[in-house]
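Engineer: If you scroll down you'll find the structure; I have some questions about it.
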Amino acid sequence: MNKILNITQLAPEVFRMEVEAPLIARERKPGQFIILQIDDDFGERIPLTIADADPDRGTITLIFQAVGKTTHLLAEKRPGESIAALLGPLGQPTHIEKVGHVVCVGGGIGVAPLHPIAQAMKAAGNRVTIIMGARNKDLLIMEDEMRRIADELIIVTDDGSRGRKALVTEPLKQLCEQTPKPNMAVAIGPPIMMKFCAETTRPYDVHTVVSLNTIMIDGTGMCGGCRVTVGGETKFVCVDGPEFDGHKVDFDNMMKRLRAYKPREDADHQAHHCRLDAAAARLR
Ligand code: FAD
Ligand code: FES
Ligand code: MG
């Protein structure tokens, strides 16, 4: 059992949760994630990136968007309650080295997993430009934290309500056109955003790392749920990733596999909401 110490809301449907997990807090490295199971009977297992950790307090921080049944159940948890199982740290840590100029691109909730990577890239002596994008200003998260790390922070929103009215690929292209061009890019966000970031940097030959968010079940390389094609080879995101060379990932295949359980996921989510509505009606 892992006790929840606090939970706060960062944006509509986006939550930050601090959970007791002393061994994971001690061992985790940027880029790694956990798999959690909220209840120990029938609940599903979902992966979440370790956004931060405090080895002294023995805690890890998770930042998640409530998109479906399990993430909504997690958002309903309160301090003092527990999570039945937390497995990790999982995955390969980000390869951090001094390369020169690194452009970190985060879309929506992707800013949360990007934060520890940008922090480590900066600590390694790189110049770090951060591009943060969201549909609108209310969905931008962790702006202050990113500003503290970035040599240059570029904010874009789809509707222009904050920063430039653009997609993240627009400033990314402009940076690639500069001389000297960036030495590396890291892009984390929805699969379609990562695909187009990789397509943007490809003509400039800027090495681009993406962090893949495939469906995961066991997190140990046994079930095959997270398999992707990278450079024509089958890889398991949970053990070989989650980070890969974005220029080699077959994003179309990955996006197709991500939609595999959509009707079932939507039905579960709907049923969960109906139960919540009924419970609220009984209280009125
Ligand atoms: P559902 O309605 O069941 O699913 C919504 C969508 O989420 C699905 O269509 C599918 O695309 C994806 N999904 C569903 N089940 C899983 C599963 N078991 N594993 C992975 N994806 C699934 N989200 C965050 O908000 N913050 C994070 O830090 C974060 N880190 C991640 C790190 C990794 C390595 C991976 C693979 C995913 C990460 N995700 C993160 C995505 C998160 O796991 C999904 O949003 C979550 O599983 C959705 O579950 P649900 O039941 O609430 O929604
Ligand atoms: Fe099962 Fe990766 S989650 S093989
Ligand atoms: Mg689910």
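Residues in the structure tokens are named by chain (A, B, ... in the order shown) and by number from 1 within that chain; ligands are numbered from 1 in the order shown.
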Got a sec to check which residues lie within 7 Å of ligand 1, using only C-alpha atoms and all ligand atoms, and send them as number ranges by chain?
Structural biologist: A: 33, 44-51, 62-72, 109, 112-113, 212-217, 238, 242, 258-259, 261-262, 265-266, 269
Engineer: Using only C-alpha atoms and all ligand atoms, find each residue with an atom at most 8 Å away from ligand 2 and format the answer as a list in words.
Structural biologist: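 Result of the 8 Å neighbour search around ligand 2: Ile215, Met216, Ile217, Asp218, Gly219, Thr220, Gly221, Met222, Cys223, Gly224, Gly225, Cys226, Arg227, Phe236, Val237, Cys238 and Val239 of chain A.
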Engineer: List the neighbours of stretch 138-146 of chain A out to 8 Å using only C-alpha atoms; skip same-chain residues closer than 5 positions along the sequence, and give me the result as a list in words.
Structural biologist: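 Those residues are Leu10, Ala11, Pro12, Gly108, Ile109, Val111, Ala112, His115, Ile130, Met132, Gly133 and Leu153 of chain A.
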Engineer: With all heavy atoms retained, export the selected residues as a PDB file, in the first residue's frame.
Structural biologist:
```pdb
ATOM      1  N   LEU A  10      -3.995  21.172 -11.047  1.00  0.00           N
ATOM      2  CA  LEU A  10      -3.153  22.140 -11.757  1.00  0.00           C
ATOM      3  C   LEU A  10      -3.905  22.854 -12.872  1.00  0.00           C
ATOM      4  O   LEU A  10      -3.569  23.971 -13.240  1.00  0.00           O
ATOM      5  CB  LEU A  10      -1.939  21.446 -12.379  1.00  0.00           C
ATOM      6  CG  LEU A  10      -0.973  20.707 -11.452  1.00  0.00           C
ATOM      7  CD1 LEU A  10       0.179  20.148 -12.252  1.00  0.00           C
ATOM      8  CD2 LEU A  10      -0.472  21.639 -10.365  1.00  0.00           C
ATOM      9  N   ALA A  11      -4.868  22.172 -13.434  1.00  0.00           N
ATOM     10  CA  ALA A  11      -5.636  22.703 -14.575  1.00  0.00           C
ATOM     11  C   ALA A  11      -6.902  21.858 -14.650  1.00  0.00           C
ATOM     12  O   ALA A  11      -6.995  20.837 -13.941  1.00  0.00           O
ATOM     13  CB  ALA A  11      -4.810  22.558 -15.865  1.00  0.00           C
ATOM     14  N   PRO A  12      -7.885  22.265 -15.478  1.00  0.00           N
ATOM     15  CA  PRO A  12      -9.067  21.419 -15.592  1.00  0.00           C
ATOM     16  C   PRO A  12      -8.641  19.992 -15.946  1.00  0.00           C
ATOM     17  O   PRO A  12      -7.918  19.797 -16.925  1.00  0.00           O
ATOM     18  CB  PRO A  12      -9.855  22.052 -16.746  1.00  0.00           C
ATOM     19  CG  PRO A  12      -9.368  23.450 -16.813  1.00  0.00           C
ATOM     20  CD  PRO A  12      -7.955  23.452 -16.345  1.00  0.00           C
ATOM     21  N   GLY A 108       0.571  19.781 -23.895  1.00  0.00           N
ATOM     22  CA  GLY A 108      -0.443  19.401 -22.899  1.00  0.00           C
ATOM     23  C   GLY A 108       0.188  18.758 -21.683  1.00  0.00           C
ATOM     24  O   GLY A 108       1.149  19.265 -21.108  1.00  0.00           O
ATOM     25  N   ILE A 109      -0.313  17.584 -21.317  1.00  0.00           N
ATOM     26  CA  ILE A 109       0.172  16.869 -20.134  1.00  0.00           C
ATOM     27  C   ILE A 109       1.629  16.399 -20.335  1.00  0.00           C
ATOM     28  O   ILE A 109       2.342  16.095 -19.384  1.00  0.00           O
ATOM     29  CB  ILE A 109      -0.768  15.670 -19.815  1.00  0.00           C
ATOM     30  CG1 ILE A 109      -0.430  14.990 -18.485  1.00  0.00           C
ATOM     31  CG2 ILE A 109      -0.753  14.642 -20.932  1.00  0.00           C
ATOM     32  CD1 ILE A 109      -0.823  15.773 -17.289  1.00  0.00           C
ATOM     33  N   VAL A 111       4.104  18.072 -20.766  1.00  0.00           N
ATOM     34  CA  VAL A 111       5.029  18.962 -20.056  1.00  0.00           C
ATOM     35  C   VAL A 111       5.493  18.303 -18.743  1.00  0.00           C
ATOM     36  O   VAL A 111       6.629  18.500 -18.317  1.00  0.00           O
ATOM     37  CB  VAL A 111       4.351  20.337 -19.786  1.00  0.00           C
ATOM     38  CG1 VAL A 111       5.182  21.198 -18.859  1.00  0.00           C
ATOM     39  CG2 VAL A 111       4.108  21.051 -21.109  1.00  0.00           C
ATOM     40  N   ALA A 112       4.622  17.509 -18.127  1.00  0.00           N
ATOM     41  CA  ALA A 112       4.974  16.879 -16.843  1.00  0.00           C
ATOM     42  C   ALA A 112       6.146  15.892 -16.994  1.00  0.00           C
ATOM     43  O   ALA A 112       7.151  16.025 -16.292  1.00  0.00           O
ATOM     44  CB  ALA A 112       3.751  16.201 -16.236  1.00  0.00           C
ATOM     45  N   HIS A 115       9.513  17.738 -17.757  1.00  0.00           N
ATOM     46  CA  HIS A 115      10.149  18.566 -16.731  1.00  0.00           C
ATOM     47  C   HIS A 115      11.434  17.956 -16.163  1.00  0.00           C
ATOM     48  O   HIS A 115      12.491  18.609 -16.193  1.00  0.00           O
ATOM     49  CB  HIS A 115       9.135  18.877 -15.620  1.00  0.00           C
ATOM     50  CG  HIS A 115       9.713  19.673 -14.501  1.00  0.00           C
ATOM     51  ND1 HIS A 115       9.999  19.121 -13.278  1.00  0.00           N
ATOM     52  CD2 HIS A 115      10.108  20.968 -14.427  1.00  0.00           C
ATOM     53  CE1 HIS A 115      10.524  20.054 -12.501  1.00  0.00           C
ATOM     54  NE2 HIS A 115      10.595  21.173 -13.168  1.00  0.00           N
ATOM     55  N   ILE A 130      12.837  25.728 -24.174  1.00  0.00           N
ATOM     56  CA  ILE A 130      11.622  24.938 -23.928  1.00  0.00           C
ATOM     57  C   ILE A 130      10.465  25.542 -24.716  1.00  0.00           C
ATOM     58  O   ILE A 130      10.212  26.748 -24.652  1.00  0.00           O
ATOM     59  CB  ILE A 130      11.277  24.894 -22.420  1.00  0.00           C
ATOM     60  CG1 ILE A 130      12.406  24.188 -21.655  1.00  0.00           C
ATOM     61  CG2 ILE A 130       9.942  24.185 -22.185  1.00  0.00           C
ATOM     62  CD1 ILE A 130      12.226  24.157 -20.144  1.00  0.00           C
ATOM     63  N   MET A 132       6.446  25.152 -24.911  1.00  0.00           N
ATOM     64  CA  MET A 132       5.276  24.557 -24.242  1.00  0.00           C
ATOM     65  C   MET A 132       4.030  24.892 -25.042  1.00  0.00           C
ATOM     66  O   MET A 132       3.821  26.059 -25.380  1.00  0.00           O
ATOM     67  CB  MET A 132       5.081  25.192 -22.855  1.00  0.00           C
ATOM     68  CG  MET A 132       6.047  24.734 -21.818  1.00  0.00           C
ATOM     69  SD  MET A 132       5.811  25.696 -20.286  1.00  0.00           S
ATOM     70  CE  MET A 132       4.117  25.345 -19.888  1.00  0.00           C
ATOM     71  N   GLY A 133       3.201  23.900 -25.310  1.00  0.00           N
ATOM     72  CA  GLY A 133       1.986  24.166 -26.077  1.00  0.00           C
ATOM     73  C   GLY A 133       0.764  23.549 -25.428  1.00  0.00           C
ATOM     74  O   GLY A 133       0.856  22.531 -24.736  1.00  0.00           O
ATOM     75  N   LEU A 153      12.088  30.369 -23.022  1.00  0.00           N
ATOM     76  CA  LEU A 153      10.805  29.660 -22.926  1.00  0.00           C
ATOM     77  C   LEU A 153       9.856  30.225 -23.981  1.00  0.00           C
ATOM     78  O   LEU A 153       9.629  31.434 -24.032  1.00  0.00           O
ATOM     79  CB  LEU A 153      10.201  29.848 -21.530  1.00  0.00           C
ATOM     80  CG  LEU A 153       8.836  29.183 -21.293  1.00  0.00           C
ATOM     81  CD1 LEU A 153       8.969  27.659 -21.253  1.00  0.00           C
ATOM     82  CD2 LEU A 153       8.216  29.672 -19.980  1.00  0.00           C
TER      83      LEU A 153
END
```
Engineer: Would you pick out the contacts of A:Lys137 at 7 Å or less, using only C-alpha atoms, so that residues sharing its chain but fewer than 4 positions from it are not included, and give the list as a PyMOL selection string?
Structural biologist: chain A and resi 157+161-162
Engineer: Go ahead and dump the residues you just picked, C-alpha atoms, as a short mmCIF file (atom, residue, chain, number, x, y, z; two decimals), in the first residue's frame.
Structural biologist:
```
data_model
loop_
_atom_site.label_atom_id
_atom_site.label_comp_id
_atom_site.auth_asym_id
_atom_site.auth_seq_id
_atom_site.Cartn_x
_atom_site.Cartn_y
_atom_site.Cartn_z
CA THR A 157 -1.62 27.99 -27.67
CA SER A 161 -5.12 32.92 -25.44
CA ARG A 162 -1.51 32.86 -24.15
#
```
Engineer: With distances taken over only C-alpha atoms and all ligand atoms, which of A:Glu199, A:Glu20, A:Asp268, A:Glu243 is nearest to ligand 3?
Structural biologist: A:Asp268
Engineer: Just list the residues in stretch 129-200 of chain A DSSP gives helix (DSSP H, G or I) on the backbone, as a VMD selection string.
Structural biologist: chain A and resid 137 to 139 143 to 149 169 to 177 191 to 200
Engineer: Using only N, CA, C and O atoms, please write the residues we just selected to a file, as a short mmCIF file (atom, residue, chain, number, x, y, z; two decimals), in the first residue's frame.
Structural biologist:
```
data_model
loop_
_atom_site.label_atom_id
_atom_site.label_comp_id
_atom_site.auth_asym_id
_atom_site.auth_seq_id
_atom_site.Cartn_x
_atom_site.Cartn_y
_atom_site.Cartn_z
N LYS A 137 -4.99 28.69 -22.69
CA LYS A 137 -4.16 29.10 -21.54
C LYS A 137 -4.50 28.29 -20.28
O LYS A 137 -3.62 28.05 -19.46
N ASP A 138 -5.75 27.88 -20.12
CA ASP A 138 -6.14 27.14 -18.91
C ASP A 138 -5.50 25.76 -18.85
O ASP A 138 -5.41 25.15 -17.79
N LEU A 139 -5.09 25.25 -20.00
CA LEU A 139 -4.53 23.89 -20.04
C LEU A 139 -3.00 23.89 -19.96
O LEU A 139 -2.38 22.82 -19.99
N GLU A 143 4.21 26.21 -15.86
CA GLU A 143 4.94 27.29 -16.55
C GLU A 143 6.08 27.83 -15.67
O GLU A 143 7.20 28.04 -16.16
N ASP A 144 5.80 28.05 -14.37
CA ASP A 144 6.84 28.62 -13.49
C ASP A 144 8.03 27.66 -13.37
O ASP A 144 9.19 28.08 -13.43
N GLU A 145 7.74 26.37 -13.20
CA GLU A 145 8.81 25.37 -13.08
C GLU A 145 9.68 25.35 -14.34
O GLU A 145 10.90 25.28 -14.27
N MET A 146 9.03 25.43 -15.51
CA MET A 146 9.78 25.38 -16.77
C MET A 146 10.58 26.66 -16.98
O MET A 146 11.69 26.64 -17.49
N ARG A 147 9.99 27.78 -16.55
CA ARG A 147 10.69 29.07 -16.70
C ARG A 147 12.00 29.07 -15.90
O ARG A 147 13.00 29.65 -16.32
N ARG A 148 11.97 28.41 -14.73
CA ARG A 148 13.17 28.36 -13.88
C ARG A 148 14.31 27.60 -14.56
O ARG A 148 15.47 27.84 -14.31
N ILE A 149 13.98 26.65 -15.42
CA ILE A 149 15.00 25.81 -16.07
C ILE A 149 15.49 26.42 -17.39
O ILE A 149 16.67 26.38 -17.72
N THR A 169 5.13 22.99 -33.50
CA THR A 169 6.04 22.74 -34.61
C THR A 169 6.54 24.03 -35.28
O THR A 169 7.59 24.04 -35.91
N GLU A 170 5.76 25.13 -35.13
CA GLU A 170 6.15 26.38 -35.80
C GLU A 170 7.45 26.95 -35.20
O GLU A 170 8.43 27.14 -35.95
N PRO A 171 7.52 27.21 -33.85
CA PRO A 171 8.80 27.68 -33.30
C PRO A 171 9.90 26.62 -33.42
O PRO A 171 11.08 26.97 -33.57
N LEU A 172 9.53 25.34 -33.40
CA LEU A 172 10.54 24.28 -33.54
C LEU A 172 11.22 24.39 -34.91
O LEU A 172 12.46 24.31 -35.02
N LYS A 173 10.42 24.63 -35.95
CA LYS A 173 10.97 24.78 -37.30
C LYS A 173 11.89 26.01 -37.37
O LYS A 173 12.99 25.94 -37.93
N GLN A 174 11.43 27.11 -36.75
CA GLN A 174 12.25 28.33 -36.78
C GLN A 174 13.60 28.10 -36.09
O GLN A 174 14.63 28.57 -36.57
N LEU A 175 13.59 27.36 -34.99
CA LEU A 175 14.86 27.07 -34.29
C LEU A 175 15.77 26.21 -35.17
O LEU A 175 16.99 26.39 -35.20
N CYS A 176 15.17 25.26 -35.89
CA CYS A 176 15.97 24.38 -36.76
C CYS A 176 16.58 25.17 -37.93
O CYS A 176 17.64 24.79 -38.46
N GLU A 177 15.91 26.25 -38.32
CA GLU A 177 16.40 27.06 -39.46
C GLU A 177 17.57 27.97 -39.06
O GLU A 177 18.25 28.52 -39.91
N PRO A 191 0.62 11.51 -29.31
CA PRO A 191 1.36 10.88 -30.41
C PRO A 191 1.40 11.71 -31.69
O PRO A 191 2.43 11.80 -32.34
N ILE A 192 0.27 12.34 -32.03
CA ILE A 192 0.24 13.11 -33.28
C ILE A 192 1.20 14.30 -33.20
O ILE A 192 1.85 14.65 -34.19
N MET A 193 1.34 14.89 -32.01
CA MET A 193 2.28 16.01 -31.85
C MET A 193 3.72 15.51 -32.01
O MET A 193 4.54 16.13 -32.69
N MET A 194 4.01 14.36 -31.39
CA MET A 194 5.39 13.83 -31.48
C MET A 194 5.71 13.45 -32.92
O MET A 194 6.83 13.70 -33.40
N LYS A 195 4.73 12.90 -33.62
CA LYS A 195 4.94 12.54 -35.03
C LYS A 195 5.33 13.78 -35.84
O LYS A 195 6.31 13.76 -36.60
N PHE A 196 4.57 14.87 -35.64
CA PHE A 196 4.84 16.06 -36.45
C PHE A 196 6.10 16.81 -36.00
O PHE A 196 6.75 17.45 -36.81
N CYS A 197 6.45 16.69 -34.71
CA CYS A 197 7.75 17.26 -34.28
C CYS A 197 8.88 16.51 -34.99
O CYS A 197 9.85 17.13 -35.47
N ALA A 198 8.78 15.19 -35.06
CA ALA A 198 9.82 14.39 -35.73
C ALA A 198 9.88 14.74 -37.22
O ALA A 198 10.97 14.84 -37.80
N GLU A 199 8.70 14.95 -37.83
CA GLU A 199 8.69 15.32 -39.26
C GLU A 199 9.29 16.71 -39.47
O GLU A 199 9.90 16.99 -40.51
N THR A 200 9.12 17.60 -38.46
CA THR A 200 9.66 18.97 -38.58
C THR A 200 11.18 18.96 -38.53
O THR A 200 11.85 19.68 -39.28
#
```
Engineer: Skip A:Asp52 itself and residues of its chain fewer than 2 positions away, then list as a ChimeraX atom specification all residues within 7 Å of it, counting only C-alpha atoms.
Structural biologist: /A:50,60-61,116
Engineer: Give me a file of those residues, with N, CA, C and O atoms, as a PDB file, in the first residue's frame.
Structural biologist:
```pdb
ATOM      1  N   ILE A  50       7.208   9.346 -13.542  1.00  0.00           N
ATOM      2  CA  ILE A  50       7.600   9.914 -12.247  1.00  0.00           C
ATOM      3  C   ILE A  50       8.027  11.359 -12.540  1.00  0.00           C
ATOM      4  O   ILE A  50       9.103  11.603 -13.079  1.00  0.00           O
ATOM      5  N   ILE A  60       7.200  10.191  -4.268  1.00  0.00           N
ATOM      6  CA  ILE A  60       7.276  10.516  -5.698  1.00  0.00           C
ATOM      7  C   ILE A  60       6.073  11.380  -6.066  1.00  0.00           C
ATOM      8  O   ILE A  60       5.037  11.323  -5.395  1.00  0.00           O
ATOM      9  N   THR A  61       6.232  12.184  -7.125  1.00  0.00           N
ATOM     10  CA  THR A  61       5.132  13.023  -7.598  1.00  0.00           C
ATOM     11  C   THR A  61       4.673  12.528  -8.960  1.00  0.00           C
ATOM     12  O   THR A  61       5.491  12.271  -9.847  1.00  0.00           O
ATOM     13  N   PRO A 116      11.428  16.686 -15.659  1.00  0.00           N
ATOM     14  CA  PRO A 116      12.684  16.148 -15.113  1.00  0.00           C
ATOM     15  C   PRO A 116      13.779  16.008 -16.173  1.00  0.00           C
ATOM     16  O   PRO A 116      14.971  16.108 -15.868  1.00  0.00           O
TER      17      PRO A 116
END
```
Engineer: Between A:Glu233, A:Ala21, A:Thr59, A:Ile38, which has the minimum distance to ligand 3 (counting only C-alpha atoms and all ligand atoms)?
Structural biologist: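 Of A:Glu233, A:Ala21, A:Thr59, A:Ile38, the one nearest ligand 3, counting only C-alpha atoms and all ligand atoms, is A:Ile38.
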Engineer: Which residues are close to A:Lys29, i.e. within 10 Å by only C-alpha atoms, leaving aside same-chain residues fewer than 6 positions away? Reply as a PyMOL selection string.
Structural biologist: chain A and resi 50+52-53+89-94+116-117+120
Engineer: Next, dump the selected residues to file, keeping only N, CA, C and O atoms, as a PDB file, in the first residue's frame.
Structural biologist:
```
ATOM      1  N   ILE A  50       7.208   9.346 -13.542  1.00  0.00           N
ATOM      2  CA  ILE A  50       7.600   9.914 -12.247  1.00  0.00           C
ATOM      3  C   ILE A  50       8.027  11.359 -12.540  1.00  0.00           C
ATOM      4  O   ILE A  50       9.103  11.603 -13.079  1.00  0.00           O
ATOM      5  N   ASP A  52       8.546  13.814 -10.428  1.00  0.00           N
ATOM      6  CA  ASP A  52       9.524  14.332  -9.480  1.00  0.00           C
ATOM      7  C   ASP A  52       9.634  13.321  -8.341  1.00  0.00           C
ATOM      8  O   ASP A  52       8.761  12.450  -8.196  1.00  0.00           O
ATOM      9  N   ALA A  53      10.685  13.451  -7.536  1.00  0.00           N
ATOM     10  CA  ALA A  53      10.842  12.550  -6.386  1.00  0.00           C
ATOM     11  C   ALA A  53      11.603  13.272  -5.293  1.00  0.00           C
ATOM     12  O   ALA A  53      12.436  14.134  -5.576  1.00  0.00           O
ATOM     13  N   PRO A  89      11.012   1.851 -10.195  1.00  0.00           N
ATOM     14  CA  PRO A  89      10.940   2.598 -11.448  1.00  0.00           C
ATOM     15  C   PRO A  89      11.116   1.682 -12.654  1.00  0.00           C
ATOM     16  O   PRO A  89      11.944   0.776 -12.634  1.00  0.00           O
ATOM     17  N   LEU A  90      10.330   1.944 -13.714  1.00  0.00           N
ATOM     18  CA  LEU A  90      10.353   1.123 -14.922  1.00  0.00           C
ATOM     19  C   LEU A  90      10.917   1.921 -16.095  1.00  0.00           C
ATOM     20  O   LEU A  90      10.890   3.157 -16.100  1.00  0.00           O
ATOM     21  N   GLY A  91      11.364   1.205 -17.102  1.00  0.00           N
ATOM     22  CA  GLY A  91      11.846   1.830 -18.331  1.00  0.00           C
ATOM     23  C   GLY A  91      13.293   2.266 -18.222  1.00  0.00           C
ATOM     24  O   GLY A  91      13.887   2.288 -17.145  1.00  0.00           O
ATOM     25  N   GLN A  92      13.849   2.588 -19.387  1.00  0.00           N
ATOM     26  CA  GLN A  92      15.235   3.067 -19.450  1.00  0.00           C
ATOM     27  C   GLN A  92      15.267   4.553 -19.109  1.00  0.00           C
ATOM     28  O   GLN A  92      14.457   5.314 -19.628  1.00  0.00           O
ATOM     29  N   PRO A  93      16.211   4.977 -18.257  1.00  0.00           N
ATOM     30  CA  PRO A  93      16.317   6.412 -17.986  1.00  0.00           C
ATOM     31  C   PRO A  93      16.721   7.161 -19.257  1.00  0.00           C
ATOM     32  O   PRO A  93      17.325   6.583 -20.168  1.00  0.00           O
ATOM     33  N   THR A  94      16.411   8.458 -19.283  1.00  0.00           N
ATOM     34  CA  THR A  94      16.824   9.293 -20.415  1.00  0.00           C
ATOM     35  C   THR A  94      18.348   9.341 -20.477  1.00  0.00           C
ATOM     36  O   THR A  94      19.009   9.426 -19.443  1.00  0.00           O
ATOM     37  N   PRO A 116      11.428  16.686 -15.659  1.00  0.00           N
ATOM     38  CA  PRO A 116      12.684  16.148 -15.113  1.00  0.00           C
ATOM     39  C   PRO A 116      13.779  16.008 -16.173  1.00  0.00           C
ATOM     40  O   PRO A 116      14.971  16.108 -15.868  1.00  0.00           O
ATOM     41  N   ILE A 117      13.387  15.802 -17.441  1.00  0.00           N
ATOM     42  CA  ILE A 117      14.374  15.650 -18.515  1.00  0.00           C
ATOM     43  C   ILE A 117      15.026  17.002 -18.818  1.00  0.00           C
ATOM     44  O   ILE A 117      16.256  17.115 -18.920  1.00  0.00           O
ATOM     45  N   ALA A 120      17.422  17.832 -16.050  1.00  0.00           N
ATOM     46  CA  ALA A 120      18.676  17.074 -16.128  1.00  0.00           C
ATOM     47  C   ALA A 120      19.547  17.556 -17.292  1.00  0.00           C
ATOM     48  O   ALA A 120      20.773  17.625 -17.184  1.00  0.00           O
TER      49      ALA A 120
END
```
Engineer: Excluding A:Asp158 and residues on its chain fewer than 4 positions from it, collect all residues at most 10 Å away from it, counting only C-alpha atoms, and give them as a PyMOL selection string.
Structural biologist: chain A and resi 133-137+162-168
Engineer: Nearest residue to A:Val19 out of A:Asp151, A:Asp54, A:Asp240, A:Asp159, using only C-alpha atoms?
Structural biologist: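 Nearest to A:Val19: A:Asp54.
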Engineer: I'd like to know which of A:Pro30, A:Arg264, A:Ser82, A:Asp56 is closest to A:Asn2, using only C-alpha atoms.
Structural biologist: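 When distances to A:Asn2 are compared using only C-alpha atoms, the smallest one comes from A:Ser82.
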Engineer: Let me make sure I understand: among A:His101, A:Leu87, A:Met121, A:Lys256, which one has the smallest atom-to-atom distance to A:Ile34 if we use only C-alpha atoms?
Structural biologist: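 Result for the nearest residue to A:Ile34: A:Leu87.
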Engineer: If you run DSSP over the backbone, which residues in stretch 51-219 of chain A end up strand (DSSP E)? Put them as a PyMOL selection string.
Structural biologist: chain A and resi 52-54+59-65+82-83+85-90+101-107+127-134+152-157+164-165+184-188+207-211
Engineer: Go ahead and compute the interatomic distance for atom CA of A:Gly241 and atom CA of A:Val209, in Å to one decimal.
Structural biologist: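 Atom-to-atom, atom CA of A:Gly241 and atom CA of A:Val209 are spaced 10.6 Å apart.
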